[in-house]
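Trainee: Structure: upload_8.cif, mmCIF, N, CA and C atoms.
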data_work
loop_
_atom_site.label_atom_id
_atom_site.label_comp_id
_atom_site.auth_asym_id
_atom_site.auth_seq_id
_atom_site.Cartn_x
_atom_site.Cartn_y
_atom_site.Cartn_z
N MET A 89 14.35 0.72 5.31
CA MET A 89 12.93 0.96 5.06
C MET A 89 12.67 0.86 3.56
N TYR A 90 11.74 -0.01 3.19
CA TYR A 90 11.38 -0.18 1.79
C TYR A 90 10.10 0.58 1.49
N LYS A 91 10.10 1.31 0.39
CA LYS A 91 8.93 2.05 -0.05
C LYS A 91 8.99 2.18 -1.57
N PRO A 92 7.90 2.63 -2.20
CA PRO A 92 7.89 2.73 -3.66
C PRO A 92 8.88 3.75 -4.18
N LYS A 93 9.26 3.58 -5.45
CA LYS A 93 10.12 4.55 -6.11
C LYS A 93 9.37 5.87 -6.27
N ASP A 94 10.10 6.95 -6.26
CA ASP A 94 9.52 8.28 -6.41
C ASP A 94 9.27 8.54 -7.89
N SER A 95 8.01 8.74 -8.27
CA SER A 95 7.68 8.92 -9.68
C SER A 95 8.20 10.25 -10.24
N SER A 96 8.57 11.17 -9.37
CA SER A 96 9.17 12.41 -9.88
C SER A 96 10.63 12.21 -10.26
N GLN A 97 11.21 11.11 -9.81
CA GLN A 97 12.60 10.79 -10.13
C GLN A 97 12.72 9.74 -11.22
N SER A 98 11.69 8.91 -11.36
CA SER A 98 11.69 7.82 -12.33
C SER A 98 10.26 7.62 -12.83
N PRO A 99 10.00 7.81 -14.12
CA PRO A 99 8.63 7.68 -14.63
C PRO A 99 8.05 6.30 -14.37
N ARG A 100 6.73 6.22 -14.32
CA ARG A 100 6.05 4.98 -13.99
C ARG A 100 6.22 3.89 -15.06
N PHE A 101 6.65 4.24 -16.25
CA PHE A 101 6.80 3.24 -17.31
C PHE A 101 8.22 2.68 -17.38
N VAL A 102 9.08 3.05 -16.44
CA VAL A 102 10.48 2.62 -16.44
C VAL A 102 10.67 1.48 -15.43
N GLY A 103 11.43 0.48 -15.81
CA GLY A 103 11.80 -0.58 -14.88
C GLY A 103 10.87 -1.77 -14.90
N ASN A 104 11.20 -2.76 -14.07
CA ASN A 104 10.39 -3.97 -13.96
C ASN A 104 9.09 -3.66 -13.24
N ARG A 105 8.04 -4.36 -13.63
CA ARG A 105 6.74 -4.18 -12.98
C ARG A 105 6.74 -4.90 -11.64
N THR A 106 6.60 -4.13 -10.60
CA THR A 106 6.41 -4.68 -9.27
C THR A 106 5.18 -4.03 -8.69
N PHE A 107 4.65 -4.61 -7.62
CA PHE A 107 3.47 -4.03 -7.02
C PHE A 107 3.81 -2.66 -6.46
N MET A 108 3.12 -1.65 -6.95
CA MET A 108 3.23 -0.28 -6.47
C MET A 108 4.64 0.28 -6.59
N ARG A 109 5.44 -0.34 -7.46
CA ARG A 109 6.84 0.05 -7.69
C ARG A 109 7.73 -0.19 -6.47
N LEU A 110 7.35 -1.16 -5.65
CA LEU A 110 8.17 -1.53 -4.51
C LEU A 110 9.40 -2.30 -5.00
N GLU A 111 10.43 -2.33 -4.18
CA GLU A 111 11.61 -3.15 -4.50
C GLU A 111 11.18 -4.61 -4.56
N GLN A 112 11.72 -5.35 -5.54
CA GLN A 112 11.46 -6.78 -5.59
C GLN A 112 12.65 -7.50 -4.98
N VAL A 113 12.48 -7.88 -3.74
CA VAL A 113 13.52 -8.60 -3.01
C VAL A 113 12.87 -9.67 -2.17
N ARG A 114 13.60 -10.74 -1.96
CA ARG A 114 13.14 -11.82 -1.08
C ARG A 114 13.86 -11.66 0.25
N THR A 115 13.31 -10.77 1.07
CA THR A 115 13.89 -10.53 2.38
C THR A 115 12.78 -10.55 3.42
N THR A 116 13.12 -10.89 4.62
CA THR A 116 12.18 -10.77 5.74
C THR A 116 12.71 -9.76 6.75
N ASP A 117 13.84 -9.13 6.42
CA ASP A 117 14.44 -8.16 7.34
C ASP A 117 13.87 -6.77 7.09
N ASP A 118 13.50 -6.10 8.15
CA ASP A 118 13.05 -4.71 8.10
C ASP A 118 11.83 -4.48 7.22
N ILE A 119 10.93 -5.47 7.15
CA ILE A 119 9.69 -5.26 6.41
C ILE A 119 8.50 -5.64 7.29
N ASP A 120 7.39 -4.98 7.02
CA ASP A 120 6.14 -5.27 7.72
C ASP A 120 5.21 -6.12 6.86
N PHE A 121 5.31 -5.94 5.53
CA PHE A 121 4.46 -6.73 4.64
C PHE A 121 5.23 -7.07 3.37
N ALA A 122 4.76 -8.15 2.73
CA ALA A 122 5.33 -8.58 1.45
C ALA A 122 4.19 -8.94 0.52
N VAL A 123 4.26 -8.44 -0.70
CA VAL A 123 3.25 -8.73 -1.72
C VAL A 123 3.77 -9.91 -2.53
N LEU A 124 2.93 -10.95 -2.68
CA LEU A 124 3.30 -12.15 -3.42
C LEU A 124 2.25 -12.49 -4.45
N GLY A 125 2.68 -13.03 -5.57
CA GLY A 125 1.75 -13.53 -6.57
C GLY A 125 1.69 -15.04 -6.52
N VAL A 126 0.50 -15.57 -6.80
CA VAL A 126 0.32 -17.02 -6.96
C VAL A 126 -0.39 -17.20 -8.31
N PRO A 127 0.39 -17.25 -9.41
CA PRO A 127 -0.19 -17.31 -10.75
C PRO A 127 -0.66 -18.72 -11.11
N PHE A 128 -1.78 -19.11 -10.54
CA PHE A 128 -2.27 -20.49 -10.65
C PHE A 128 -3.72 -20.48 -11.10
N ASP A 129 -4.06 -21.30 -12.10
CA ASP A 129 -5.46 -21.40 -12.52
C ASP A 129 -5.87 -22.82 -12.88
N THR A 130 -5.14 -23.80 -12.38
CA THR A 130 -5.45 -25.20 -12.69
C THR A 130 -6.82 -25.60 -12.18
N ALA A 131 -7.28 -25.03 -11.09
CA ALA A 131 -8.57 -25.42 -10.51
C ALA A 131 -9.75 -24.64 -11.11
N ALA A 132 -9.50 -23.79 -12.08
CA ALA A 132 -10.59 -23.06 -12.73
C ALA A 132 -11.41 -24.03 -13.57
N SER A 133 -12.72 -23.90 -13.50
CA SER A 133 -13.57 -24.89 -14.17
C SER A 133 -14.04 -24.48 -15.56
N ASN A 134 -14.06 -23.21 -15.86
CA ASN A 134 -14.60 -22.79 -17.15
C ASN A 134 -13.54 -22.03 -17.95
N ARG A 135 -13.31 -20.81 -17.59
CA ARG A 135 -12.32 -20.00 -18.31
C ARG A 135 -11.06 -19.89 -17.48
N THR A 136 -9.96 -20.30 -18.05
CA THR A 136 -8.69 -20.12 -17.36
C THR A 136 -8.14 -18.74 -17.68
N GLY A 137 -7.05 -18.38 -17.05
CA GLY A 137 -6.45 -17.08 -17.25
C GLY A 137 -6.15 -16.38 -15.94
N GLN A 138 -6.64 -16.94 -14.84
CA GLN A 138 -6.39 -16.35 -13.53
C GLN A 138 -4.90 -16.32 -13.21
N ARG A 139 -4.13 -17.14 -13.91
CA ARG A 139 -2.68 -17.14 -13.70
C ARG A 139 -2.06 -15.79 -14.06
N PHE A 140 -2.75 -15.01 -14.86
CA PHE A 140 -2.24 -13.69 -15.25
C PHE A 140 -2.63 -12.60 -14.26
N GLY A 141 -3.40 -12.95 -13.25
CA GLY A 141 -3.86 -11.97 -12.26
C GLY A 141 -2.73 -11.20 -11.59
N PRO A 142 -1.75 -11.87 -10.99
CA PRO A 142 -0.67 -11.12 -10.32
C PRO A 142 0.06 -10.16 -11.26
N GLN A 143 0.30 -10.59 -12.49
CA GLN A 143 0.99 -9.75 -13.47
C GLN A 143 0.16 -8.50 -13.78
N HIS A 144 -1.14 -8.68 -13.97
CA HIS A 144 -1.99 -7.54 -14.31
C HIS A 144 -2.18 -6.60 -13.13
N ILE A 145 -2.29 -7.15 -11.94
CA ILE A 145 -2.39 -6.30 -10.74
C ILE A 145 -1.14 -5.44 -10.62
N ARG A 146 0.01 -6.05 -10.83
CA ARG A 146 1.27 -5.28 -10.77
C ARG A 146 1.29 -4.19 -11.85
N ASP A 147 0.83 -4.54 -13.05
CA ASP A 147 0.81 -3.56 -14.14
C ASP A 147 0.01 -2.32 -13.77
N PHE A 148 -1.16 -2.52 -13.19
CA PHE A 148 -2.01 -1.38 -12.88
C PHE A 148 -1.65 -0.70 -11.57
N SER A 149 -0.96 -1.41 -10.70
CA SER A 149 -0.63 -0.83 -9.39
C SER A 149 0.43 0.27 -9.47
N VAL A 150 1.09 0.43 -10.61
CA VAL A 150 2.09 1.50 -10.72
C VAL A 150 1.44 2.87 -10.54
N LEU A 151 0.14 2.94 -10.72
CA LEU A 151 -0.56 4.21 -10.55
C LEU A 151 -0.92 4.51 -9.10
N LEU A 152 -0.80 3.52 -8.23
CA LEU A 152 -1.10 3.75 -6.81
C LEU A 152 -0.07 4.69 -6.21
N ARG A 153 -0.52 5.50 -5.30
CA ARG A 153 0.38 6.44 -4.63
C ARG A 153 0.36 6.17 -3.14
N PRO A 154 1.50 6.28 -2.50
CA PRO A 154 1.55 5.99 -1.07
C PRO A 154 0.89 7.06 -0.20
N TYR A 155 0.73 8.26 -0.77
CA TYR A 155 0.16 9.36 0.01
C TYR A 155 -1.32 9.54 -0.33
N ASN A 156 -2.17 9.61 0.70
CA ASN A 156 -3.58 9.86 0.52
C ASN A 156 -3.88 11.27 1.01
N PRO A 157 -4.19 12.20 0.10
CA PRO A 157 -4.40 13.59 0.50
C PRO A 157 -5.65 13.80 1.36
N ASP A 158 -6.70 12.98 1.16
CA ASP A 158 -7.90 13.13 1.97
C ASP A 158 -7.65 12.80 3.43
N MET A 159 -6.83 11.79 3.65
CA MET A 159 -6.53 11.38 5.03
C MET A 159 -5.21 11.97 5.53
N ASP A 160 -4.48 12.64 4.63
CA ASP A 160 -3.19 13.24 4.96
C ASP A 160 -2.26 12.22 5.61
N ILE A 161 -2.08 11.10 4.89
CA ILE A 161 -1.22 10.04 5.42
C ILE A 161 -0.42 9.40 4.30
N ASP A 162 0.83 9.13 4.59
CA ASP A 162 1.70 8.36 3.72
C ASP A 162 1.95 7.04 4.44
N ILE A 163 1.41 5.95 3.90
CA ILE A 163 1.49 4.67 4.61
C ILE A 163 2.92 4.23 4.87
N PHE A 164 3.85 4.67 4.02
CA PHE A 164 5.22 4.22 4.17
C PHE A 164 6.00 5.01 5.23
N GLU A 165 5.33 5.93 5.90
CA GLU A 165 5.91 6.53 7.11
C GLU A 165 5.72 5.59 8.28
N TYR A 166 4.82 4.60 8.12
CA TYR A 166 4.46 3.70 9.21
C TYR A 166 4.82 2.25 8.96
N CYS A 167 5.06 1.89 7.70
CA CYS A 167 5.37 0.49 7.42
C CYS A 167 6.32 0.39 6.24
N SER A 168 6.94 -0.76 6.14
CA SER A 168 7.90 -1.04 5.08
C SER A 168 7.45 -2.31 4.36
N GLY A 169 7.50 -2.29 3.03
CA GLY A 169 7.05 -3.46 2.29
C GLY A 169 7.84 -3.67 1.02
N VAL A 170 7.77 -4.90 0.52
CA VAL A 170 8.46 -5.28 -0.71
C VAL A 170 7.53 -6.11 -1.58
N ASP A 171 7.88 -6.20 -2.85
CA ASP A 171 7.26 -7.17 -3.75
C ASP A 171 8.14 -8.41 -3.68
N TYR A 172 7.62 -9.46 -3.11
CA TYR A 172 8.38 -10.68 -2.83
C TYR A 172 8.46 -11.61 -4.05
N GLY A 173 7.81 -11.20 -5.15
CA GLY A 173 7.80 -12.05 -6.34
C GLY A 173 6.65 -13.03 -6.30
N ASP A 174 6.77 -14.09 -7.09
CA ASP A 174 5.72 -15.09 -7.19
C ASP A 174 6.12 -16.38 -6.47
N ILE A 175 5.12 -17.05 -5.94
CA ILE A 175 5.29 -18.41 -5.41
C ILE A 175 5.44 -19.33 -6.62
N ASN A 176 6.34 -20.28 -6.54
CA ASN A 176 6.46 -21.26 -7.62
C ASN A 176 5.24 -22.16 -7.61
N VAL A 177 4.56 -22.22 -8.74
CA VAL A 177 3.38 -23.07 -8.86
C VAL A 177 3.71 -24.23 -9.79
N ILE A 178 2.91 -25.29 -9.68
CA ILE A 178 3.09 -26.46 -10.53
C ILE A 178 1.80 -26.61 -11.34
N PRO A 179 1.79 -26.12 -12.58
CA PRO A 179 0.57 -26.21 -13.39
C PRO A 179 0.08 -27.65 -13.48
N GLY A 180 -1.22 -27.82 -13.27
CA GLY A 180 -1.81 -29.16 -13.34
C GLY A 180 -1.76 -29.92 -12.04
N ASN A 181 -1.08 -29.39 -11.03
CA ASN A 181 -0.97 -30.12 -9.77
C ASN A 181 -1.26 -29.19 -8.59
N ALA A 182 -2.52 -29.17 -8.19
CA ALA A 182 -2.94 -28.30 -7.09
C ALA A 182 -2.28 -28.68 -5.77
N LEU A 183 -2.17 -29.97 -5.49
CA LEU A 183 -1.61 -30.39 -4.20
C LEU A 183 -0.16 -29.96 -4.04
N ARG A 184 0.65 -30.14 -5.09
CA ARG A 184 2.05 -29.71 -5.01
C ARG A 184 2.16 -28.19 -4.96
N THR A 185 1.24 -27.49 -5.61
CA THR A 185 1.22 -26.02 -5.54
C THR A 185 0.91 -25.57 -4.13
N TYR A 186 -0.03 -26.23 -3.44
CA TYR A 186 -0.33 -25.87 -2.05
C TYR A 186 0.90 -26.06 -1.17
N GLU A 187 1.62 -27.17 -1.40
CA GLU A 187 2.86 -27.41 -0.64
C GLU A 187 3.87 -26.30 -0.91
N SER A 188 3.98 -25.88 -2.15
CA SER A 188 4.89 -24.80 -2.51
C SER A 188 4.48 -23.49 -1.85
N MET A 189 3.17 -23.27 -1.74
CA MET A 189 2.69 -22.07 -1.06
C MET A 189 3.06 -22.08 0.41
N VAL A 190 2.86 -23.21 1.07
CA VAL A 190 3.23 -23.32 2.49
C VAL A 190 4.73 -23.07 2.65
N GLU A 191 5.52 -23.67 1.79
CA GLU A 191 6.98 -23.49 1.83
C GLU A 191 7.36 -22.03 1.60
N GLY A 192 6.70 -21.37 0.66
CA GLY A 192 7.03 -19.99 0.34
C GLY A 192 6.57 -18.99 1.39
N LEU A 193 5.44 -19.27 2.04
CA LEU A 193 4.90 -18.35 3.04
C LEU A 193 5.53 -18.53 4.42
N THR A 194 6.05 -19.70 4.71
CA THR A 194 6.58 -20.00 6.04
C THR A 194 7.65 -19.00 6.51
N PRO A 195 8.66 -18.65 5.70
CA PRO A 195 9.67 -17.70 6.19
C PRO A 195 9.07 -16.33 6.56
N LEU A 196 8.06 -15.91 5.82
CA LEU A 196 7.41 -14.63 6.12
C LEU A 196 6.64 -14.72 7.44
N LEU A 197 5.84 -15.76 7.56
CA LEU A 197 5.02 -15.91 8.75
C LEU A 197 5.86 -16.10 10.01
N GLU A 198 7.00 -16.80 9.87
CA GLU A 198 7.87 -16.98 11.04
C GLU A 198 8.45 -15.67 11.55
N LYS A 199 8.56 -14.67 10.67
CA LYS A 199 9.08 -13.35 11.05
C LYS A 199 7.95 -12.34 11.27
N ASN A 200 6.70 -12.83 11.31
CA ASN A 200 5.52 -11.98 11.51
C ASN A 200 5.37 -10.91 10.43
N VAL A 201 5.78 -11.23 9.22
CA VAL A 201 5.58 -10.36 8.07
C VAL A 201 4.21 -10.67 7.50
N ILE A 202 3.43 -9.65 7.21
CA ILE A 202 2.08 -9.85 6.67
C ILE A 202 2.18 -10.10 5.17
N PRO A 203 1.74 -11.29 4.72
CA PRO A 203 1.74 -11.53 3.27
C PRO A 203 0.47 -10.97 2.65
N VAL A 204 0.63 -10.27 1.54
CA VAL A 204 -0.50 -9.79 0.74
C VAL A 204 -0.43 -10.61 -0.54
N ILE A 205 -1.36 -11.53 -0.69
CA ILE A 205 -1.27 -12.56 -1.73
C ILE A 205 -2.24 -12.26 -2.86
N MET A 206 -1.70 -12.23 -4.09
CA MET A 206 -2.51 -11.98 -5.28
C MET A 206 -2.59 -13.27 -6.09
N GLY A 207 -3.80 -13.68 -6.41
CA GLY A 207 -3.97 -14.89 -7.19
C GLY A 207 -4.41 -14.57 -8.59
N GLY A 208 -4.60 -15.54 -9.18
CA GLY A 208 -4.82 -16.94 -9.13
C GLY A 208 -6.30 -17.22 -8.88
N ASP A 209 -6.62 -18.51 -9.12
CA ASP A 209 -8.00 -18.95 -8.92
C ASP A 209 -8.30 -19.13 -7.43
N HIS A 210 -9.57 -19.38 -7.14
CA HIS A 210 -10.02 -19.46 -5.75
C HIS A 210 -9.32 -20.55 -4.95
N SER A 211 -8.85 -21.58 -5.62
CA SER A 211 -8.28 -22.71 -4.89
C SER A 211 -7.02 -22.36 -4.10
N ILE A 212 -6.35 -21.27 -4.46
CA ILE A 212 -5.12 -20.92 -3.72
C ILE A 212 -5.40 -20.57 -2.27
N THR A 213 -6.66 -20.31 -1.94
CA THR A 213 -7.01 -20.02 -0.56
C THR A 213 -6.62 -21.17 0.36
N LEU A 214 -6.74 -22.40 -0.12
CA LEU A 214 -6.40 -23.56 0.71
C LEU A 214 -4.91 -23.57 1.06
N GLY A 215 -4.05 -23.27 0.11
CA GLY A 215 -2.62 -23.20 0.41
C GLY A 215 -2.31 -22.13 1.44
N ASN A 216 -2.97 -20.98 1.31
CA ASN A 216 -2.79 -19.90 2.29
C ASN A 216 -3.22 -20.35 3.67
N LEU A 217 -4.40 -20.95 3.76
CA LEU A 217 -4.91 -21.41 5.05
C LEU A 217 -3.98 -22.43 5.69
N ARG A 218 -3.45 -23.33 4.90
CA ARG A 218 -2.53 -24.34 5.45
C ARG A 218 -1.27 -23.69 6.03
N ALA A 219 -0.73 -22.69 5.33
CA ALA A 219 0.47 -22.01 5.82
C ALA A 219 0.18 -21.26 7.12
N PHE A 220 -0.93 -20.55 7.17
CA PHE A 220 -1.29 -19.81 8.38
C PHE A 220 -1.59 -20.74 9.54
N HIS A 221 -2.29 -21.84 9.26
CA HIS A 221 -2.60 -22.80 10.32
C HIS A 221 -1.34 -23.43 10.88
N LYS A 222 -0.40 -23.74 10.01
CA LYS A 222 0.88 -24.31 10.46
C LYS A 222 1.58 -23.37 11.43
N ARG A 223 1.50 -22.08 11.19
CA ARG A 223 2.20 -21.09 12.03
C ARG A 223 1.40 -20.68 13.25
N TYR A 224 0.09 -20.47 13.08
CA TYR A 224 -0.70 -19.86 14.14
C TYR A 224 -1.78 -20.74 14.75
N GLY A 225 -2.07 -21.89 14.17
CA GLY A 225 -3.20 -22.68 14.65
C GLY A 225 -4.48 -22.08 14.11
N LYS A 226 -5.38 -21.68 15.01
CA LYS A 226 -6.62 -21.04 14.57
C LYS A 226 -6.28 -19.73 13.88
N ILE A 227 -7.00 -19.44 12.81
CA ILE A 227 -6.66 -18.26 12.03
C ILE A 227 -7.90 -17.49 11.60
N ALA A 228 -7.66 -16.28 11.19
CA ALA A 228 -8.68 -15.46 10.51
C ALA A 228 -8.09 -15.07 9.17
N LEU A 229 -8.92 -15.01 8.17
CA LEU A 229 -8.46 -14.71 6.82
C LEU A 229 -9.28 -13.57 6.25
N VAL A 230 -8.62 -12.60 5.66
CA VAL A 230 -9.30 -11.54 4.91
C VAL A 230 -9.12 -11.87 3.44
N HIS A 231 -10.23 -12.08 2.75
CA HIS A 231 -10.20 -12.55 1.37
C HIS A 231 -10.93 -11.54 0.50
N PHE A 232 -10.23 -10.86 -0.41
CA PHE A 232 -10.85 -9.95 -1.37
C PHE A 232 -10.98 -10.69 -2.68
N ASP A 233 -12.11 -10.53 -3.32
CA ASP A 233 -12.37 -11.22 -4.56
C ASP A 233 -13.03 -10.26 -5.53
N SER A 234 -12.87 -10.52 -6.81
CA SER A 234 -13.49 -9.64 -7.81
C SER A 234 -14.99 -9.86 -7.92
N HIS A 235 -15.49 -10.94 -7.36
CA HIS A 235 -16.92 -11.18 -7.35
C HIS A 235 -17.28 -12.00 -6.12
N GLY A 236 -18.54 -12.04 -5.78
CA GLY A 236 -18.95 -12.60 -4.49
C GLY A 236 -19.42 -14.03 -4.51
N ASP A 237 -18.74 -14.92 -5.21
CA ASP A 237 -19.20 -16.31 -5.25
C ASP A 237 -18.50 -17.22 -4.24
N THR A 238 -17.62 -16.65 -3.42
CA THR A 238 -16.95 -17.50 -2.42
C THR A 238 -17.25 -17.03 -1.03
#
Output the file's structure as C-alpha cells, nothing else.

Mentor:
Amino acid sequence: MYKPKDSSQSPRFVGNRTFMRLEQVRTTDDIDFAVLGVPFDTAASNRTGQRFGPQHIRDFSVLLRPYNPDMDIDIFEYCSGVDYGDINVIPGNALRTYESMVEGLTPLLEKNVIPVIMGGDHSITLGNLRAFHKRYGKIALVHFDSHGDT
C-alpha cells in the first residue's frame, strides 16, 4: 500500500518533491491511481511556461494532508497511489509528444490504474484522449483547468 510520508516523522521540506509526498515509483502493482506530469508548452500561443506546471503543483502539494477532519476520512485507507513521474515530452513536436503520452499511459490503463495527469498546456488533452480511446473506446474525461477557456 502506497501513501504519503508521515510529516511527523519527516518534515515537508526534506526529500525529493513528489505529489503529496507519495513514493515516486513506476509501478502498476498494488496501486489505484498514479499522478503523472506532462511538462509540455509547445502549443501555447502567447506566454509559455506551462511546462513548469507539474513541478509547481508538486511543490505546493506537500502541504496536502490525506486526512480530512470535516469528513473524518483518510483517503489512503481506501486507495493506494504513487507519483509516477513525468511523461517524456518532445519540445517543439506535439505529435511525437502525444505518441509518448499514449505509450506512457498504456501500462497504467491496461491495469485499470487511474491516471491523474498534471500539465502542461491545453494541447496535452489530445494525447490523453488518444490513450483512453485506445484502451476503452468511448470515453469520458474529467478536465480541471485554472481558467474556463476550454

Trainee: Which distance in Å separates CA of Tyr90 (chain A) and CA of Thr116 (chain A), to one decimal?

Mentor: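 Here the two named atoms are 11.3 Å from each other.
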
Trainee: Care to translate the PyMOL selection byres ((chain A and resi 145) around 8) into actual residues of this file, as a list in words?

Mentor: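 Output of the PyMOL selection byres ((chain A and resi 145) around 8): Arg105, Thr106, Phe107, Met108, Phe140, Gly141, Pro142, Gln143, His144, Arg146, Asp147, Phe148, Ser149, Val150 and Met206 of chain A.
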
Trainee: How would you write, as a count of residues only, the set of residues in chain A that DSSP gives as alpha helix (DSSP H)?

Mentor: 39

Trainee: Apply DSSP to the structure's backbone, then extract all residues of chain A labelled strand (DSSP E) and return them as a ChimeraX atom specification.

Mentor: /A:121-126,155-156,161-162,169-174,202-207

Trainee: Which is closer to Leu229 (chain A) than all the others in A:Leu217, A:Gln112, A:Ile212, A:Leu183, using all atoms listed in the file?

Mentor: A:Leu217

Trainee: Might you spell out which residues the PyMOL selection byres ((chain A and resi 218-228) around 8) would select in the displayed file, as a VMD selection string?

Mentor: chain A and resid 186 189 to 191 193 to 194 197 to 198 212 to 217 229 to 231

Trainee: Would you translate the PyMOL selection byres ((chain A and resi 126) around 6) into the concrete set of residues it matches in this file, as a list in words?

Mentor: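 With the shown file as input, the PyMOL selection byres ((chain A and resi 126) around 6) matches Leu124, Gly125, Pro127, Phe128, Arg139, Pro142, Asp174, Ile175, Ile205, Met206, Gly207 and Gly208 of chain A.
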
Trainee: To one decimal in Å, tell me the separation between CA of Arg184 (chain A) and atom C of Arg135 (chain A).

Mentor: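 The value is 20.6 Å.
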
Trainee: Report, in Å with one decimal, the straight-line distance from CA of Arg109 (chain A) to CA of Val204 (chain A).

Mentor: 14.9 Å

Trainee: Need to verify the contact set: Ile163 (chain A), 10 Å, only C-alpha atoms, exclusion of same-chain residues closer than 5 positions in sequence. Can you return it as number ranges by chain?

Mentor: A: 91, 153-156, 168

Trainee: Is it possible to dump region 123-142 of chain A as a PDB file, in the first residue's frame, including just N, CA and C atoms?

Mentor:
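File written: part-v7.pdb
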ATOM      1  N   VAL A 123      -0.092   9.603 -10.225  1.00  0.00           N
ATOM      2  CA  VAL A 123      -0.016  11.013 -10.600  1.00  0.00           C
ATOM      3  C   VAL A 123       1.140  11.156 -11.582  1.00  0.00           C
ATOM      4  N   LEU A 124       0.866  11.788 -12.733  1.00  0.00           N
ATOM      5  CA  LEU A 124       1.880  11.972 -13.775  1.00  0.00           C
ATOM      6  C   LEU A 124       1.939  13.426 -14.201  1.00  0.00           C
ATOM      7  N   GLY A 125       3.126  13.880 -14.539  1.00  0.00           N
ATOM      8  CA  GLY A 125       3.285  15.209 -15.103  1.00  0.00           C
ATOM      9  C   GLY A 125       3.499  15.127 -16.602  1.00  0.00           C
ATOM     10  N   VAL A 126       2.981  16.126 -17.308  1.00  0.00           N
ATOM     11  CA  VAL A 126       3.260  16.279 -18.739  1.00  0.00           C
ATOM     12  C   VAL A 126       3.745  17.722 -18.917  1.00  0.00           C
ATOM     13  N   PRO A 127       5.061  17.946 -18.721  1.00  0.00           N
ATOM     14  CA  PRO A 127       5.611  19.306 -18.761  1.00  0.00           C
ATOM     15  C   PRO A 127       5.817  19.802 -20.194  1.00  0.00           C
ATOM     16  N   PHE A 128       4.725  20.161 -20.829  1.00  0.00           N
ATOM     17  CA  PHE A 128       4.734  20.494 -22.254  1.00  0.00           C
ATOM     18  C   PHE A 128       4.048  21.836 -22.468  1.00  0.00           C
ATOM     19  N   ASP A 129       4.674  22.732 -23.243  1.00  0.00           N
ATOM     20  CA  ASP A 129       4.028  24.005 -23.555  1.00  0.00           C
ATOM     21  C   ASP A 129       4.278  24.466 -24.986  1.00  0.00           C
ATOM     22  N   THR A 130       4.621  23.540 -25.858  1.00  0.00           N
ATOM     23  CA  THR A 130       4.896  23.883 -27.252  1.00  0.00           C
ATOM     24  C   THR A 130       3.676  24.468 -27.942  1.00  0.00           C
ATOM     25  N   ALA A 131       2.483  24.050 -27.572  1.00  0.00           N
ATOM     26  CA  ALA A 131       1.270  24.529 -28.245  1.00  0.00           C
ATOM     27  C   ALA A 131       0.725  25.822 -27.637  1.00  0.00           C
ATOM     28  N   ALA A 132       1.411  26.388 -26.666  1.00  0.00           N
ATOM     29  CA  ALA A 132       0.971  27.663 -26.091  1.00  0.00           C
ATOM     30  C   ALA A 132       1.185  28.770 -27.112  1.00  0.00           C
ATOM     31  N   SER A 133       0.208  29.653 -27.229  1.00  0.00           N
ATOM     32  CA  SER A 133       0.285  30.663 -28.287  1.00  0.00           C
ATOM     33  C   SER A 133       0.855  32.000 -27.838  1.00  0.00           C
ATOM     34  N   ASN A 134       0.804  32.312 -26.565  1.00  0.00           N
ATOM     35  CA  ASN A 134       1.254  33.627 -26.137  1.00  0.00           C
ATOM     36  C   ASN A 134       2.389  33.499 -25.125  1.00  0.00           C
ATOM     37  N   ARG A 135       2.058  33.161 -23.914  1.00  0.00           N
ATOM     38  CA  ARG A 135       3.081  33.021 -22.876  1.00  0.00           C
ATOM     39  C   ARG A 135       3.348  31.552 -22.615  1.00  0.00           C
ATOM     40  N   THR A 136       4.583  31.159 -22.765  1.00  0.00           N
ATOM     41  CA  THR A 136       4.937  29.790 -22.425  1.00  0.00           C
ATOM     42  C   THR A 136       5.269  29.715 -20.940  1.00  0.00           C
ATOM     43  N   GLY A 137       5.505  28.523 -20.455  1.00  0.00           N
ATOM     44  CA  GLY A 137       5.811  28.323 -19.049  1.00  0.00           C
ATOM     45  C   GLY A 137       4.962  27.232 -18.438  1.00  0.00           C
ATOM     46  N   GLN A 138       3.960  26.760 -19.177  1.00  0.00           N
ATOM     47  CA  GLN A 138       3.104  25.694 -18.682  1.00  0.00           C
ATOM     48  C   GLN A 138       3.900  24.419 -18.408  1.00  0.00           C
ATOM     49  N   ARG A 139       5.077  24.319 -19.011  1.00  0.00           N
ATOM     50  CA  ARG A 139       5.933  23.152 -18.766  1.00  0.00           C
ATOM     51  C   ARG A 139       6.342  23.058 -17.301  1.00  0.00           C
ATOM     52  N   PHE A 140       6.275  24.160 -16.579  1.00  0.00           N
ATOM     53  CA  PHE A 140       6.639  24.160 -15.162  1.00  0.00           C
ATOM     54  C   PHE A 140       5.466  23.791 -14.255  1.00  0.00           C
ATOM     55  N   GLY A 141       4.295  23.601 -14.841  1.00  0.00           N
ATOM     56  CA  GLY A 141       3.100  23.278 -14.059  1.00  0.00           C
ATOM     57  C   GLY A 141       3.251  22.062 -13.161  1.00  0.00           C
ATOM     58  N   PRO A 142       3.642  20.900 -13.692  1.00  0.00           N
ATOM     59  CA  PRO A 142       3.771  19.722 -12.825  1.00  0.00           C
ATOM     60  C   PRO A 142       4.741  19.925 -11.666  1.00  0.00           C
TER      61      PRO A 142
END
